[in-house]
Each structure stands twice: as C-alpha cells, then as structure tokens.
Amino acid sequence: AGHLQQIRTHNTSLNAFLEVYEEEATTQAALIDAKLKAGSAGKLAGLVVGIKDLLCYEGHHSYAGSKILNSFKSTFSATAVQRLLDEDAIIIGRQNCDEFGMGSTNENSAFGPVMNFANPAYVAGGSSGGSAVAVQAGMCQVSLGTDTGGSIRMPAAFCGVIGLKPTYGLVSRWGLIAYASSFDSIGPIANYVSDARLVLDIIKGEDGQDSTLSSKVPAATPGTKRIAYIKEVAEHPSLQPEIKAAFEVQVEKLKVLGYTVEGVDFPYIDQLLPTYYVLTTAESSSNLSRFDGVKFGHRTANPVDLMQLYKRTRQEGFGAEVQRRIMLGTFVLSADYYDAYYTKAQKVRRLIQDKTLSILLDYDFIISPTTSSTAYRLGEKTLDPIQMYLGDLFTVQANVVGIPGLSIPMGSDSAGLPMGFQLMTSPFQEAKMLDLGELLS
Ligand code: GLN
C-alpha cells in the first residue's frame, strides 16, 4: 500500500509508470496474504515489482515506449515475469523507457521523459529510466529492466540505486521485445543487493523458449582477491572530477578489505562504442522489421497499397532515434558495406571479448565508475546523438563481451546527484560479484 501511495504522490511529476495495475495488485496482495497465512506462499511473497515496458505480461499492454505498439496486448508472459508471478511477487505496473530501449536518458520515449527523483530538472538515465526512478522513489521494491548497452546500470547510477546486468545467456529473453538479440539481457534494479540477488535467482536458468540460454553454467570459482581497473578508463578525460575522486576512495576501500587493485591496459577503448553501435543497429534494423502494420499495434489509416501500409505505419509509429538506428543498421548490413562495417565489427567484438576475458583470468573483477558524469539536465544531450552515445562508454563493454555487470551507489556529487560504481566479472560469477557489491554498499 505504501508503494501505491508513493505512485499516487509522485508519478504525475516523475512519469516513471506508464500504467499502474492498482486493482489487480491489491487483489494479488490479498491472495498472497491468505497464502502466507496458510504457509503456502512463494519465495517472493508480496515483493512489489514494476516491469519495464519492453517485457510482455499476459493480458497487459506492452508498448516498448513506442507509438508503433499502440494498443498491443501480449497473449503470454515473458519467462522472467512469469517466474516472478509463480513465486508470488506482485506486479504493480509497467514502466516508462526509451523507445525499444534505444537511449541513455529516457528522453526517447514516445510517452515523455522520466524525471530524476534526486532533482526533477535532471534525467533519470536510460533506457530503463522509469524502472530506476520507481525504485529510487519507493514506488516499488524491485524493477525488471533490460540492459543491451548499459540500460540497467546507467539509470541505476544516475538514480543512486542498484542495477544488475546478468551474464548473457543466464536469463531467458523469451517475452522481451527484442532490441539487439546478441546483447539484450534482463535484470533487476533494486535498493538492496540482497533483493537483486533474490530476484536473479528466481528469473535465471533454463527455459525451452530461448535457445541462446547456457545449459551448462560453470560453478562459482574461489576468488583471488585481485581486482583490475582499466587505466584508460580511470584516467579518461571525460571523467567528472568528483566521480574520479569517489572512485579512488572505492579503490582505497577495496585495498583495506584486503584486495590487490591494479591498473591494466586495454587497447580497445576507442573501439568499444563503434563496435557496439554498428552491431546493435544492425541487429535492431532486422528485429524491428516485424513492425509493419500487419501483425502488431499501430496501422496507418487507409493505405492505397501494401507498400504504403508499411511505409506510413513505420513513419508514423517509430520515433526519430529509432528511425536513425534502422537506417544505420540497414546501411551496415547492405551488400556493399557489409564487410566494411558489420563483419569488421564482429571481428573487433571478438578481440574485445578475448582481451577482456584474459584480464578476468588474472583478476576477479574489473571495476570502473558506471558513468563518466552524473545525470544530465533534461534536454542537455538530445540534439547531439554522438554526445549521447559517448555516455555509454563504460557500460557497453559488459554487453559486447557478454559478462555480468553491477552498478552500486557511490555517493552523490556536490549538486546532490548520485554517482555509480561498476563491477564486472567473469561469465556466470554473479554470486561473487553480488557478495562484493553487498560488502561495499
Ligand atoms: N544507450 C544504449 C543504446 O541506446 C543502451 C541501450 C540499452 O542498454 N538498452 O543503445
């Protein structure tokens, strides 16, 4: 009830939830109460969860932050959502996000931006902006977000909450409206590491619906107590001085905890974003071809023929950033440029993967600030997409490689805006990463 009250008080100004399932959640809560009394409640009994608008929930709308999915209702639930329901979590509503997850500030949502609860003149971060602010403002305990290139961790950092991106292949993508299929992952945003861990344990694991899930998950490895930071990141010119200072404090803290913390070289910093944006635009241009006005959501009025139906539906339905990405992706996949861009980016992806995993053979974690700056003012970056993309520099590595990443709060700057600290580790070593995250937060 406290969460619904927070929503009533703050959602009009913050715009975190696009829809609140007030009645349904209340009914669900009563049922769970009865189950609790009977001793038959699930492991998440009563946990109040919000879900990003990219996740399907049977009988409910999912718009992916886009006009093109106007009035779309899903006939099934995403595996992750279903598993939460099966353990008696309460789904309280669907949360605002950048259209199809494409953005870093939530300003690319067709339903308006999300305001940061720390200061509403600032953005929430994106693309899971509504999910982060909902947790930050106490509108729910946990949110399910998605992270293709930082979309869980970045808004978590901007909002001072915890964001976990699991290993690629650990959580089923079934029922997640696809952005870039070889990068997308579903994960929790929470106020406590323990809640993130609890939710991950429920949503992870095999599911016949997603063939990219790993069937053999390696066991937890004992730690070496060695931690690396990438020198080019820790010294990056874009780093806000207060973030740099707070990061150095974290490093000292880790040393006090008995860790060896060392700088390592990573020669591909300048290749991270181009690789990410070539591959994700390529994959998204293909994934978004299914929105044609025939099968789902919006359909243009009175088209004269099929071609016009496609064209006008897509022109009317997709926002400017999504159209930009479709054009970029179509270009890098076109016959003349495929080898120069797409194949090249795949090769560089492999180099980045090999180098990152080789660092993680010697070290338990790679640490960094989650973002180089605190939240931007609303509108500050919207006119310059390149500036916007640069904000993803520290987060995309985990997705390019497929490894897990965790953002935990690292205090606030002098303007009162939250800062985030990021841990990355080897595939499937989430438990170890959450342990350290818990120790530090
Ligand atoms: N900002 C990145 C992008 O626009 C990240 C998106 C995401 O993780 N969904 O692609």
# chains A, B, ... in the order shown; residues from 1 in each chain; ligands from 1
>>> residues_near_ligand(ligand="ligand 1", cutoff="10 Å", atoms="only C-alpha atoms and all ligand atoms", output="ChimeraX atom specification")
/A:54,97-106,108,125-128,145-155,165,178-180,183-186,273,276-277,280-281,284,321-322,325,385,388-393,395-396,399
>>> residues_around(residues="stretch 421-423 of chain A", least_positions_apart="2", cutoff="7 Å", atoms="only C-alpha atoms", output="number ranges by chain")
A: 365-370, 405-410, 425, 433
>>> select_by_dssp(residues="stretch 29-249 of chain A", states="helix (DSSP H, G or I)", output="VMD selection string")
chain A and resid 29 to 38 67 to 69 79 to 86 99 to 101 129 to 136 153 to 159 193 to 203 231 to 234 241 to 249
>>> closest_residue(among="A:Cys159, A:Leu333, A:Gln397, A:Leu44", to="A:Gly138", atoms="only C-alpha atoms")
A:Cys159
>>> residues_around(residues="stretch 76-93 of chain A", least_positions_apart="6", cutoff="7 Å", atoms="only C-alpha atoms", output="PDB file with C-alpha atoms, in the first residue's frame")
ATOM      1  CA  PHE A  17       4.999   4.335 -14.614  1.00  0.00           C
ATOM      2  CA  GLU A  19       0.334   2.141 -16.317  1.00  0.00           C
ATOM      3  CA  VAL A  20      -0.392   1.065 -12.753  1.00  0.00           C
ATOM      4  CA  TYR A  21      -2.272  -2.152 -12.070  1.00  0.00           C
ATOM      5  CA  GLU A  22      -3.774  -0.805  -8.883  1.00  0.00           C
ATOM      6  CA  ALA A  25      -2.108  -5.590  -7.433  1.00  0.00           C
ATOM      7  CA  GLN A  28      -2.986 -10.143  -5.756  1.00  0.00           C
ATOM      8  CA  ALA A  29      -1.761  -8.837  -2.385  1.00  0.00           C
ATOM      9  CA  ILE A  32      -0.808 -13.715  -1.198  1.00  0.00           C
ATOM     10  CA  ALA A  41       3.358 -18.625  -0.293  1.00  0.00           C
ATOM     11  CA  GLY A  42       6.196 -18.461  -2.823  1.00  0.00           C
ATOM     12  CA  LYS A  43       9.735 -17.242  -2.281  1.00  0.00           C
ATOM     13  CA  LEU A  44       8.958 -13.675  -3.346  1.00  0.00           C
ATOM     14  CA  ALA A  45       5.671 -13.437  -1.461  1.00  0.00           C
ATOM     15  CA  GLY A  46       4.487  -9.852  -1.591  1.00  0.00           C
ATOM     16  CA  LEU A  47       7.573  -8.398  -3.262  1.00  0.00           C
ATOM     17  CA  VAL A  48       6.362  -5.350  -5.179  1.00  0.00           C
ATOM     18  CA  VAL A  49       7.837  -5.347  -8.678  1.00  0.00           C
ATOM     19  CA  GLY A  50       7.487  -2.993 -11.622  1.00  0.00           C
ATOM     20  CA  ILE A  51       8.321  -4.104 -15.145  1.00  0.00           C
ATOM     21  CA  LEU A  55       8.586  -7.024 -21.194  1.00  0.00           C
ATOM     22  CA  CYS A  56       5.454  -8.931 -22.081  1.00  0.00           C
ATOM     23  CA  TYR A  57       2.833  -9.707 -19.447  1.00  0.00           C
ATOM     24  CA  GLU A  58      -0.145 -11.796 -20.468  1.00  0.00           C
ATOM     25  CA  SER A 172      15.686 -16.166 -20.769  1.00  0.00           C
ATOM     26  CA  TRP A 174      11.524 -15.029 -24.105  1.00  0.00           C
ATOM     27  CA  GLY A 175       8.905 -12.306 -23.953  1.00  0.00           C
ATOM     28  CA  LEU A 176      11.423  -9.484 -24.095  1.00  0.00           C
ATOM     29  CA  ILE A 202      14.239 -16.757  -9.474  1.00  0.00           C
ATOM     30  CA  ILE A 203      14.395 -15.481 -13.058  1.00  0.00           C
TER      31      ILE A 203
END
>>> closest_residue(among="A:Ser426, A:Gln6, A:Ser289, A:Gln95", to="A:Lys52", atoms="only C-alpha atoms")
A:Gln95
>>> closest_residue(among="A:Leu144, A:Ala132, A:Leu378, A:Ala398", to="A:Asn119", atoms="only C-alpha atoms")
A:Leu378
>>> residues_around(residues="A:Gly205", least_positions_apart="2", cutoff="10 Å", atoms="only C-alpha atoms", output="ChimeraX atom specification")
/A:80,169-172,200-203,207,213-217
>>> closest_atom_pairs(of="stretch 320-435 of chain A", to="stretch 254-266 of chain A", cutoff="9 Å", atoms="only C-alpha atoms", output="JSON lines")
{"residue": "A:Ile352", "atom": "CA", "partner": "A:Phe266", "partner_atom": "CA", "distance": 8.8}
{"residue": "A:Lys355", "atom": "CA", "partner": "A:Phe266", "partner_atom": "CA", "distance": 7.5}
{"residue": "A:Thr356", "atom": "CA", "partner": "A:Phe266", "partner_atom": "CA", "distance": 8.0}
{"residue": "A:Ile359", "atom": "CA", "partner": "A:Val264", "partner_atom": "CA", "distance": 8.1}
>>> residues_around(residues="stretch 219-224 of chain A", least_positions_apart="5", cutoff="7 Å", atoms="only C-alpha atoms", output="PyMOL selection string")
chain A and resi 363-364+429
>>> select_by_dssp(residues="stretch 50-290 of chain A", states="strand (DSSP E or B)", output="JSON, numbers by chain")
{"A": [50, 51, 52, 55, 61, 73, 90, 91, 92, 93, 94, 95, 115, 116, 119, 120, 121, 122, 123, 142, 143, 144, 145, 146, 147, 162, 163, 164, 165, 171, 176, 185, 186, 187, 188, 189, 190, 204, 226, 227, 228, 229, 230, 260, 261, 262, 263, 264]}
>>> residues_around(residues="A:Asn96", least_positions_apart="5", cutoff="8 Å", atoms="only C-alpha atoms", output="PyMOL selection string")
chain A and resi 15-18+52-53+65+106+109+111+114+128-131
>>> residues_around(residues="stretch 234-245 of chain A", least_positions_apart="2", cutoff="9 Å", atoms="only C-alpha atoms", output="number ranges by chain")
A: 229-232, 247-250, 263, 368-369, 371-374, 410, 412-414, 419-420
>>> write_last_selection(atoms="C-alpha atoms", output="CSV table (one decimal), in the first residue's frame")
chain,number,residue,atom,x,y,z
A,229,TYR,CA,40.8,-1.3,-13.4
A,230,ILE,CA,41.4,-0.2,-16.9
A,231,LYS,CA,43.9,2.6,-16.9
A,232,GLU,CA,42.4,4.3,-19.9
A,247,PHE,CA,36.2,6.1,-7.5
A,248,GLU,CA,39.7,6.5,-5.9
A,249,VAL,CA,38.0,6.3,-2.5
A,250,GLN,CA,36.4,3.0,-3.5
A,263,GLY,CA,45.7,-0.8,-13.3
A,368,SER,CA,35.2,1.5,-13.0
A,369,PRO,CA,32.8,4.3,-12.4
A,371,THR,CA,29.3,6.6,-16.0
A,372,SER,CA,31.8,9.4,-16.5
A,373,SER,CA,29.3,12.0,-15.3
A,374,THR,CA,26.3,12.4,-13.1
A,410,MET,CA,28.9,5.6,-4.9
A,412,SER,CA,26.5,11.9,-4.6
A,413,ASP,CA,28.3,14.9,-6.1
A,414,SER,CA,28.2,18.4,-4.6
A,419,MET,CA,27.2,8.6,-8.7
A,420,GLY,CA,27.7,4.9,-9.6
>>> decode(residues="stretch 355-381 of chain A", atoms="N, CA and C atoms", output="PDB file, in the first residue's frame")
ATOM      1  N   LYS A 355      40.290 -10.071 -25.090  1.00  0.00           N
ATOM      2  CA  LYS A 355      41.136  -9.264 -24.194  1.00  0.00           C
ATOM      3  C   LYS A 355      40.487  -9.126 -22.814  1.00  0.00           C
ATOM      4  N   THR A 356      39.193  -8.865 -22.801  1.00  0.00           N
ATOM      5  CA  THR A 356      38.504  -8.686 -21.513  1.00  0.00           C
ATOM      6  C   THR A 356      38.540  -9.987 -20.708  1.00  0.00           C
ATOM      7  N   LEU A 357      38.258 -11.091 -21.368  1.00  0.00           N
ATOM      8  CA  LEU A 357      38.238 -12.373 -20.646  1.00  0.00           C
ATOM      9  C   LEU A 357      39.647 -12.745 -20.184  1.00  0.00           C
ATOM     10  N   SER A 358      40.650 -12.322 -20.932  1.00  0.00           N
ATOM     11  CA  SER A 358      42.010 -12.651 -20.479  1.00  0.00           C
ATOM     12  C   SER A 358      42.365 -11.830 -19.235  1.00  0.00           C
ATOM     13  N   ILE A 359      41.871 -10.596 -19.159  1.00  0.00           N
ATOM     14  CA  ILE A 359      42.085  -9.819 -17.920  1.00  0.00           C
ATOM     15  C   ILE A 359      41.390 -10.536 -16.759  1.00  0.00           C
ATOM     16  N   LEU A 360      40.206 -11.053 -17.027  1.00  0.00           N
ATOM     17  CA  LEU A 360      39.427 -11.701 -15.961  1.00  0.00           C
ATOM     18  C   LEU A 360      39.969 -13.094 -15.583  1.00  0.00           C
ATOM     19  N   LEU A 361      40.943 -13.577 -16.343  1.00  0.00           N
ATOM     20  CA  LEU A 361      41.621 -14.800 -15.886  1.00  0.00           C
ATOM     21  C   LEU A 361      42.572 -14.480 -14.741  1.00  0.00           C
ATOM     22  N   ASP A 362      43.116 -13.257 -14.781  1.00  0.00           N
ATOM     23  CA  ASP A 362      44.071 -12.845 -13.742  1.00  0.00           C
ATOM     24  C   ASP A 362      43.424 -12.119 -12.579  1.00  0.00           C
ATOM     25  N   TYR A 363      42.234 -11.587 -12.804  1.00  0.00           N
ATOM     26  CA  TYR A 363      41.594 -10.763 -11.769  1.00  0.00           C
ATOM     27  C   TYR A 363      40.148 -11.217 -11.563  1.00  0.00           C
ATOM     28  N   ASP A 364      39.655 -11.041 -10.333  1.00  0.00           N
ATOM     29  CA  ASP A 364      38.258 -11.389 -10.040  1.00  0.00           C
ATOM     30  C   ASP A 364      37.289 -10.412 -10.699  1.00  0.00           C
ATOM     31  N   PHE A 365      37.675  -9.135 -10.687  1.00  0.00           N
ATOM     32  CA  PHE A 365      36.745  -8.099 -11.154  1.00  0.00           C
ATOM     33  C   PHE A 365      37.473  -7.051 -11.978  1.00  0.00           C
ATOM     34  N   ILE A 366      36.721  -6.419 -12.852  1.00  0.00           N
ATOM     35  CA  ILE A 366      37.173  -5.165 -13.461  1.00  0.00           C
ATOM     36  C   ILE A 366      36.235  -4.089 -12.915  1.00  0.00           C
ATOM     37  N   ILE A 367      36.817  -3.056 -12.333  1.00  0.00           N
ATOM     38  CA  ILE A 367      35.991  -2.004 -11.730  1.00  0.00           C
ATOM     39  C   ILE A 367      36.138  -0.695 -12.505  1.00  0.00           C
ATOM     40  N   SER A 368      35.120   0.142 -12.390  1.00  0.00           N
ATOM     41  CA  SER A 368      35.156   1.475 -13.021  1.00  0.00           C
ATOM     42  C   SER A 368      34.023   2.304 -12.427  1.00  0.00           C
ATOM     43  N   PRO A 369      34.030   3.612 -12.672  1.00  0.00           N
ATOM     44  CA  PRO A 369      32.774   4.323 -12.427  1.00  0.00           C
ATOM     45  C   PRO A 369      31.754   3.775 -13.437  1.00  0.00           C
ATOM     46  N   THR A 370      30.471   3.798 -13.098  1.00  0.00           N
ATOM     47  CA  THR A 370      29.468   3.304 -14.053  1.00  0.00           C
ATOM     48  C   THR A 370      29.335   4.266 -15.232  1.00  0.00           C
ATOM     49  N   THR A 371      29.385   5.540 -14.919  1.00  0.00           N
ATOM     50  CA  THR A 371      29.288   6.570 -15.964  1.00  0.00           C
ATOM     51  C   THR A 371      30.362   7.616 -15.684  1.00  0.00           C
ATOM     52  N   SER A 372      30.713   8.369 -16.714  1.00  0.00           N
ATOM     53  CA  SER A 372      31.770   9.367 -16.524  1.00  0.00           C
ATOM     54  C   SER A 372      31.229  10.650 -15.906  1.00  0.00           C
ATOM     55  N   SER A 373      29.908  10.810 -15.910  1.00  0.00           N
ATOM     56  CA  SER A 373      29.343  12.014 -15.286  1.00  0.00           C
ATOM     57  C   SER A 373      28.063  11.640 -14.550  1.00  0.00           C
ATOM     58  N   THR A 374      27.573  12.569 -13.753  1.00  0.00           N
ATOM     59  CA  THR A 374      26.267  12.358 -13.124  1.00  0.00           C
ATOM     60  C   THR A 374      25.185  12.695 -14.157  1.00  0.00           C
ATOM     61  N   ALA A 375      23.924  12.594 -13.740  1.00  0.00           N
ATOM     62  CA  ALA A 375      22.796  12.789 -14.671  1.00  0.00           C
ATOM     63  C   ALA A 375      22.887  14.130 -15.398  1.00  0.00           C
ATOM     64  N   TYR A 376      22.439  14.144 -16.651  1.00  0.00           N
ATOM     65  CA  TYR A 376      22.419  15.379 -17.440  1.00  0.00           C
ATOM     66  C   TYR A 376      21.138  16.143 -17.139  1.00  0.00           C
ATOM     67  N   ARG A 377      21.168  17.436 -17.459  1.00  0.00           N
ATOM     68  CA  ARG A 377      19.918  18.197 -17.408  1.00  0.00           C
ATOM     69  C   ARG A 377      18.999  17.695 -18.503  1.00  0.00           C
ATOM     70  N   LEU A 378      17.715  17.754 -18.272  1.00  0.00           N
ATOM     71  CA  LEU A 378      16.766  17.372 -19.321  1.00  0.00           C
ATOM     72  C   LEU A 378      17.060  18.199 -20.566  1.00  0.00           C
ATOM     73  N   GLY A 379      17.133  17.533 -21.698  1.00  0.00           N
ATOM     74  CA  GLY A 379      17.367  18.241 -22.955  1.00  0.00           C
ATOM     75  C   GLY A 379      18.825  18.520 -23.275  1.00  0.00           C
ATOM     76  N   GLU A 380      19.709  18.298 -22.302  1.00  0.00           N
ATOM     77  CA  GLU A 380      21.123  18.684 -22.493  1.00  0.00           C
ATOM     78  C   GLU A 380      21.784  17.974 -23.676  1.00  0.00           C
ATOM     79  N   LYS A 381      21.447  16.705 -23.908  1.00  0.00           N
ATOM     80  CA  LYS A 381      22.159  15.944 -24.940  1.00  0.00           C
ATOM     81  C   LYS A 381      21.279  15.555 -26.122  1.00  0.00           C
TER      82      LYS A 381
END
